[in-house]
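start.txt (compact mmCIF, C-alpha atoms) appears below.
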```txt
# COMPACT_ATOMS: atom_id res chain seq x y z
CA MET A 19 9.79 0.88 -19.62
CA MET A 20 6.74 -0.17 -17.67
CA VAL A 21 7.91 -3.68 -16.79
CA PRO A 22 9.97 -2.67 -13.71
CA ALA A 23 7.12 -0.52 -12.41
CA VAL A 24 4.57 -3.31 -12.92
CA LEU A 25 6.87 -5.81 -11.19
CA LEU A 26 7.35 -3.41 -8.30
CA LEU A 27 3.60 -2.91 -7.93
CA LEU A 28 2.93 -6.64 -8.21
CA GLY A 29 5.47 -7.39 -5.49
CA ALA A 30 4.05 -4.73 -3.19
CA LEU A 31 0.47 -5.88 -3.79
CA THR A 32 1.42 -9.50 -3.10
CA ALA A 33 3.28 -8.51 0.07
CA VAL A 34 0.23 -6.65 1.37
CA VAL A 35 -2.61 -8.94 0.29
CA ALA A 36 -1.19 -12.45 0.78
CA PRO A 37 -0.65 -12.28 4.58
CA ARG A 38 -4.18 -10.96 5.05
CA LEU A 39 -5.65 -13.74 2.94
CA LEU A 40 -3.66 -16.39 4.79
CA ALA A 41 -4.67 -14.96 8.18
CA ARG A 42 -8.38 -15.08 7.27
CA ALA A 43 -8.31 -18.60 5.84
CA ASP A 44 -9.33 -21.62 7.90
CA TRP A 45 -7.21 -24.23 6.16
CA PRO A 46 -3.76 -23.17 7.51
CA GLU A 47 -4.71 -24.52 10.95
CA ARG A 48 -5.65 -27.90 9.46
CA GLU A 49 -2.71 -28.03 7.04
CA PRO A 50 0.23 -26.16 8.59
CA VAL A 51 2.80 -27.72 6.26
CA VAL A 52 0.90 -26.56 3.19
CA ALA A 53 0.43 -23.12 4.75
CA LEU A 54 4.17 -22.84 5.38
CA TRP A 55 4.86 -23.89 1.79
CA VAL A 56 2.39 -21.29 0.48
CA TRP A 57 3.98 -18.62 2.70
CA GLN A 58 7.45 -19.49 1.40
CA CYS A 59 6.17 -19.27 -2.18
CA VAL A 60 4.67 -15.84 -1.47
CA VAL A 61 7.94 -14.59 0.01
CA ALA A 62 9.90 -15.99 -2.94
CA ALA A 63 7.49 -14.36 -5.41
CA VAL A 64 7.81 -10.96 -3.73
CA LEU A 65 11.61 -11.18 -3.63
CA LEU A 66 11.70 -12.28 -7.28
CA CYS A 67 9.49 -9.37 -8.34
CA LEU A 68 11.68 -6.87 -6.50
CA ALA A 69 14.93 -8.39 -7.79
CA LEU A 70 13.72 -8.41 -11.39
CA SER A 71 12.47 -4.84 -11.05
CA MET A 72 15.88 -3.81 -9.72
CA LEU A 73 17.74 -5.56 -12.54
CA LEU A 74 15.55 -4.15 -15.29
CA SER A 75 15.73 -0.65 -13.82
CA ALA A 76 19.50 -0.91 -13.63
CA ALA A 77 19.60 -2.15 -17.20
CA ALA A 78 17.52 0.83 -18.31
CA ALA A 79 19.74 3.28 -16.44
CA TRP A 80 23.23 2.00 -17.26
CA HIS A 81 24.47 0.57 -20.52
CA ALA A 82 27.11 -1.59 -18.77
CA VAL A 83 24.44 -3.44 -16.80
CA ARG A 84 22.29 -3.80 -19.91
CA GLY A 85 25.20 -5.33 -21.82
CA ARG A 86 25.88 -7.94 -19.14
CA LEU A 87 22.25 -8.75 -18.40
CA PHE A 88 21.24 -9.27 -22.03
CA ALA A 89 24.58 -10.50 -23.40
CA SER A 90 23.26 -13.80 -24.73
CA ALA A 91 19.77 -12.59 -25.63
CA PRO A 92 18.77 -11.84 -29.22
CA ARG A 93 18.46 -8.19 -30.18
CA GLY A 94 14.69 -8.45 -30.33
CA VAL A 95 14.54 -9.13 -26.60
CA VAL A 96 16.36 -5.91 -25.74
CA GLU A 97 14.16 -3.97 -28.15
CA ALA A 98 11.00 -5.53 -26.66
CA TYR A 99 11.87 -4.17 -23.22
CA ALA A 100 12.54 -0.68 -24.66
CA LEU A 101 15.50 -0.21 -22.36
CA GLY A 102 16.77 2.86 -24.16
CA ALA A 103 13.82 4.91 -22.91
CA GLY A 104 14.46 4.29 -19.22
CA GLY A 105 14.01 7.84 -18.05
CA PRO A 106 15.59 9.57 -15.07
CA TRP A 107 13.66 7.48 -12.53
CA ALA A 108 15.32 4.19 -13.56
CA ALA A 109 18.61 4.90 -11.77
CA GLY A 110 16.83 6.04 -8.62
CA THR A 111 14.58 2.99 -8.57
CA ALA A 112 17.53 0.66 -9.05
CA LEU A 113 19.50 2.36 -6.28
CA VAL A 114 16.59 2.34 -3.83
CA LEU A 115 15.90 -1.34 -4.46
CA ALA A 116 19.60 -2.21 -4.17
CA GLY A 117 19.81 -0.27 -0.91
CA GLY A 118 16.78 -2.14 0.40
CA ALA A 119 18.38 -5.45 -0.58
CA LEU A 120 21.58 -4.56 1.26
CA TRP A 121 19.69 -3.35 4.30
CA GLY A 122 17.45 -6.43 4.56
```
In structure tokens, write the structure found in this file.
Amino acid sequence: MMVPAVLLLLGALTAVVAPRLLARADWPEREPVVALWVWQCVVAAVLLCLALSMLLSAAAAWHAVRGRLFASAPRGVVEAYALGAGGPWAAGTALVLAGGALWG
């Protein structure tokens, strides 16, 4: 069940590195519309990584969430994610990410 952890790390890395790269670049001053579009894409990517990590962690922790999330998916998809071996950290990760989503 490494996919939620990798998504969480990818979102955090993007949230830390992307603003620094945009601040150091020269082109945002010449092309502010493109810079705004890039910034919005970065924010959307970070939010998508965190949301997918939360959903997959919740699916690993609770069977009811897993059933609804993968209702129309073939059985091979559920087996590929190895959701049965979520571990005790899956529920905590899902709750922390959900709490952060409600807070923000």
Contacts between range 22-28 of chain A and range 61-90 of chain A, please, where a residue of range 61-90 of chain A counts if it comes within 8 Å (with all atoms listed in the file); show its shortest atom pair and distance in Å to one decimal, rows by chain and ascending number, as CSV.
```
residue,atom,partner,partner_atom,distance
A:Val64,CA,A:Leu28,CA,7.9
A:Cys67,CA,A:Leu25,CA,5.3
A:Leu68,CA,A:Leu26,CA,5.8
A:Leu70,CA,A:Pro22,CA,7.2
A:Ser71,CA,A:Pro22,CA,4.2
A:Met72,CA,A:Pro22,CA,7.2
A:Leu74,CA,A:Pro22,CA,6.0
A:Ser75,CA,A:Pro22,CA,6.1
```
Atoms to include: C-alpha atoms. Write the selected residues as a PDB file, keeping the file's coordinate frame.
```pdb
ATOM      1  CA  VAL A  64       7.810 -10.960  -3.730  1.00  0.00           C
ATOM      2  CA  CYS A  67       9.490  -9.370  -8.340  1.00  0.00           C
ATOM      3  CA  LEU A  68      11.680  -6.870  -6.500  1.00  0.00           C
ATOM      4  CA  LEU A  70      13.720  -8.410 -11.390  1.00  0.00           C
ATOM      5  CA  SER A  71      12.470  -4.840 -11.050  1.00  0.00           C
ATOM      6  CA  MET A  72      15.880  -3.810  -9.720  1.00  0.00           C
ATOM      7  CA  LEU A  74      15.550  -4.150 -15.290  1.00  0.00           C
ATOM      8  CA  SER A  75      15.730  -0.650 -13.820  1.00  0.00           C
TER       9      SER A  75
END
```
- Task: Could you tell me which of A:Val83, A:Leu115, A:Gly105, A:Val21 comes closest to Leu65 in chain A if we count all atoms listed in the file?
- Result: A:Leu115
- Figure out the distance between CA of Ala77 in chain A and CA of Ala119 in chain A, please, to one decimal in Å. 17.0 Å
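Closest approach to Ala78 in chain A from the set A:Gly110, A:Pro46, A:Gly118, A:Pro37 is made by A:Gly110, with distances taken over only C-alpha atoms.
CA of Ala112 in chain A is positioned 15.7 Å from CA of Arg86 in chain A.
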Return range 74-100 of chain A, completed with N, CA, C and O atoms, as an mmCIF file, in the frame of the given file.
```
data_model
loop_
_atom_site.group_PDB
_atom_site.id
_atom_site.type_symbol
_atom_site.label_atom_id
_atom_site.label_comp_id
_atom_site.auth_asym_id
_atom_site.auth_seq_id
_atom_site.Cartn_x
_atom_site.Cartn_y
_atom_site.Cartn_z
ATOM 1 N N LEU A 74 16.017 -4.829 -14.082
ATOM 2 C CA LEU A 74 15.550 -4.150 -15.290
ATOM 3 C C LEU A 74 15.682 -2.636 -15.193
ATOM 4 O O LEU A 74 15.962 -1.970 -16.183
ATOM 5 N N SER A 75 15.505 -2.086 -13.994
ATOM 6 C CA SER A 75 15.730 -0.650 -13.820
ATOM 7 C C SER A 75 17.193 -0.300 -13.997
ATOM 8 O O SER A 75 17.529 0.724 -14.601
ATOM 9 N N ALA A 76 18.064 -1.133 -13.455
ATOM 10 C CA ALA A 76 19.500 -0.910 -13.630
ATOM 11 C C ALA A 76 19.906 -1.043 -15.089
ATOM 12 O O ALA A 76 20.742 -0.283 -15.591
ATOM 13 N N ALA A 77 19.297 -1.985 -15.786
ATOM 14 C CA ALA A 77 19.600 -2.150 -17.200
ATOM 15 C C ALA A 77 19.125 -0.955 -18.015
ATOM 16 O O ALA A 77 19.760 -0.578 -19.006
ATOM 17 N N ALA A 78 18.016 -0.356 -17.598
ATOM 18 C CA ALA A 78 17.520 0.830 -18.310
ATOM 19 C C ALA A 78 18.383 2.040 -18.014
ATOM 20 O O ALA A 78 18.530 2.925 -18.860
ATOM 21 N N ALA A 79 18.971 2.100 -16.832
ATOM 22 C CA ALA A 79 19.740 3.280 -16.440
ATOM 23 C C ALA A 79 21.181 3.255 -16.944
ATOM 24 O O ALA A 79 21.713 4.287 -17.332
ATOM 25 N N TRP A 80 21.800 2.079 -16.928
ATOM 26 C CA TRP A 80 23.230 2.000 -17.260
ATOM 27 C C TRP A 80 23.468 0.983 -18.363
ATOM 28 O O TRP A 80 23.038 -0.159 -18.283
ATOM 29 N N HIS A 81 24.193 1.423 -19.360
ATOM 30 C CA HIS A 81 24.470 0.570 -20.520
ATOM 31 C C HIS A 81 25.339 -0.630 -20.142
ATOM 32 O O HIS A 81 25.187 -1.711 -20.720
ATOM 33 N N ALA A 82 26.239 -0.477 -19.179
ATOM 34 C CA ALA A 82 27.110 -1.590 -18.770
ATOM 35 C C ALA A 82 26.293 -2.734 -18.168
ATOM 36 O O ALA A 82 26.563 -3.907 -18.441
ATOM 37 N N VAL A 83 25.297 -2.408 -17.380
ATOM 38 C CA VAL A 83 24.440 -3.440 -16.800
ATOM 39 C C VAL A 83 23.600 -4.089 -17.896
ATOM 40 O O VAL A 83 23.427 -5.304 -17.921
ATOM 41 N N ARG A 84 23.100 -3.286 -18.811
ATOM 42 C CA ARG A 84 22.290 -3.800 -19.910
ATOM 43 C C ARG A 84 23.094 -4.780 -20.752
ATOM 44 O O ARG A 84 22.587 -5.827 -21.154
ATOM 45 N N GLY A 85 24.366 -4.448 -21.014
ATOM 46 C CA GLY A 85 25.200 -5.330 -21.820
ATOM 47 C C GLY A 85 25.443 -6.669 -21.163
ATOM 48 O O GLY A 85 25.429 -7.709 -21.822
ATOM 49 N N ARG A 86 25.642 -6.680 -19.848
ATOM 50 C CA ARG A 86 25.880 -7.940 -19.140
ATOM 51 C C ARG A 86 24.594 -8.743 -18.947
ATOM 52 O O ARG A 86 24.597 -9.961 -19.014
ATOM 53 N N LEU A 87 23.505 -8.064 -18.669
ATOM 54 C CA LEU A 87 22.250 -8.750 -18.400
ATOM 55 C C LEU A 87 21.685 -9.413 -19.651
ATOM 56 O O LEU A 87 21.175 -10.529 -19.595
ATOM 57 N N PHE A 88 21.795 -8.751 -20.789
ATOM 58 C CA PHE A 88 21.240 -9.270 -22.030
ATOM 59 C C PHE A 88 22.327 -9.682 -23.018
ATOM 60 O O PHE A 88 22.120 -9.613 -24.225
ATOM 61 N N ALA A 89 23.456 -10.147 -22.522
ATOM 62 C CA ALA A 89 24.580 -10.500 -23.400
ATOM 63 C C ALA A 89 24.220 -11.638 -24.351
ATOM 64 O O ALA A 89 24.571 -11.595 -25.534
ATOM 65 N N SER A 90 23.558 -12.647 -23.878
ATOM 66 C CA SER A 90 23.260 -13.800 -24.730
ATOM 67 C C SER A 90 21.869 -13.746 -25.354
ATOM 68 O O SER A 90 21.481 -14.664 -26.068
ATOM 69 N N ALA A 91 21.119 -12.695 -25.088
ATOM 70 C CA ALA A 91 19.770 -12.590 -25.630
ATOM 71 C C ALA A 91 19.798 -12.021 -27.052
ATOM 72 O O ALA A 91 20.664 -11.215 -27.394
ATOM 73 N N PRO A 92 18.859 -12.424 -27.882
ATOM 74 C CA PRO A 92 18.770 -11.840 -29.220
ATOM 75 C C PRO A 92 18.396 -10.355 -29.139
ATOM 76 O O PRO A 92 17.849 -9.890 -28.148
ATOM 77 N N ARG A 93 18.704 -9.628 -30.184
ATOM 78 C CA ARG A 93 18.460 -8.190 -30.180
ATOM 79 C C ARG A 93 16.982 -7.855 -30.002
ATOM 80 O O ARG A 93 16.629 -6.846 -29.405
ATOM 81 N N GLY A 94 16.122 -8.693 -30.470
ATOM 82 C CA GLY A 94 14.690 -8.450 -30.330
ATOM 83 C C GLY A 94 14.229 -8.404 -28.886
ATOM 84 O O GLY A 94 13.274 -7.709 -28.560
ATOM 85 N N VAL A 95 14.911 -9.138 -28.014
ATOM 86 C CA VAL A 95 14.540 -9.130 -26.600
ATOM 87 C C VAL A 95 14.824 -7.762 -25.994
ATOM 88 O O VAL A 95 14.005 -7.190 -25.279
ATOM 89 N N VAL A 96 15.989 -7.222 -26.266
ATOM 90 C CA VAL A 96 16.360 -5.910 -25.740
ATOM 91 C C VAL A 96 15.416 -4.842 -26.290
ATOM 92 O O VAL A 96 14.979 -3.949 -25.551
ATOM 93 N N GLU A 97 15.074 -4.934 -27.552
ATOM 94 C CA GLU A 97 14.160 -3.970 -28.150
ATOM 95 C C GLU A 97 12.743 -4.100 -27.587
ATOM 96 O O GLU A 97 12.028 -3.109 -27.455
ATOM 97 N N ALA A 98 12.341 -5.327 -27.222
ATOM 98 C CA ALA A 98 11.000 -5.530 -26.660
ATOM 99 C C ALA A 98 10.850 -4.870 -25.298
ATOM 100 O O ALA A 98 9.769 -4.386 -24.951
ATOM 101 N N TYR A 99 11.923 -4.818 -24.530
ATOM 102 C CA TYR A 99 11.870 -4.170 -23.220
ATOM 103 C C TYR A 99 12.008 -2.660 -23.307
ATOM 104 O O TYR A 99 11.806 -1.970 -22.314
ATOM 105 N N ALA A 100 12.371 -2.122 -24.454
ATOM 106 C CA ALA A 100 12.540 -0.680 -24.660
ATOM 107 C C ALA A 100 13.428 -0.069 -23.588
ATOM 108 O O ALA A 100 13.080 0.894 -22.920
#
```
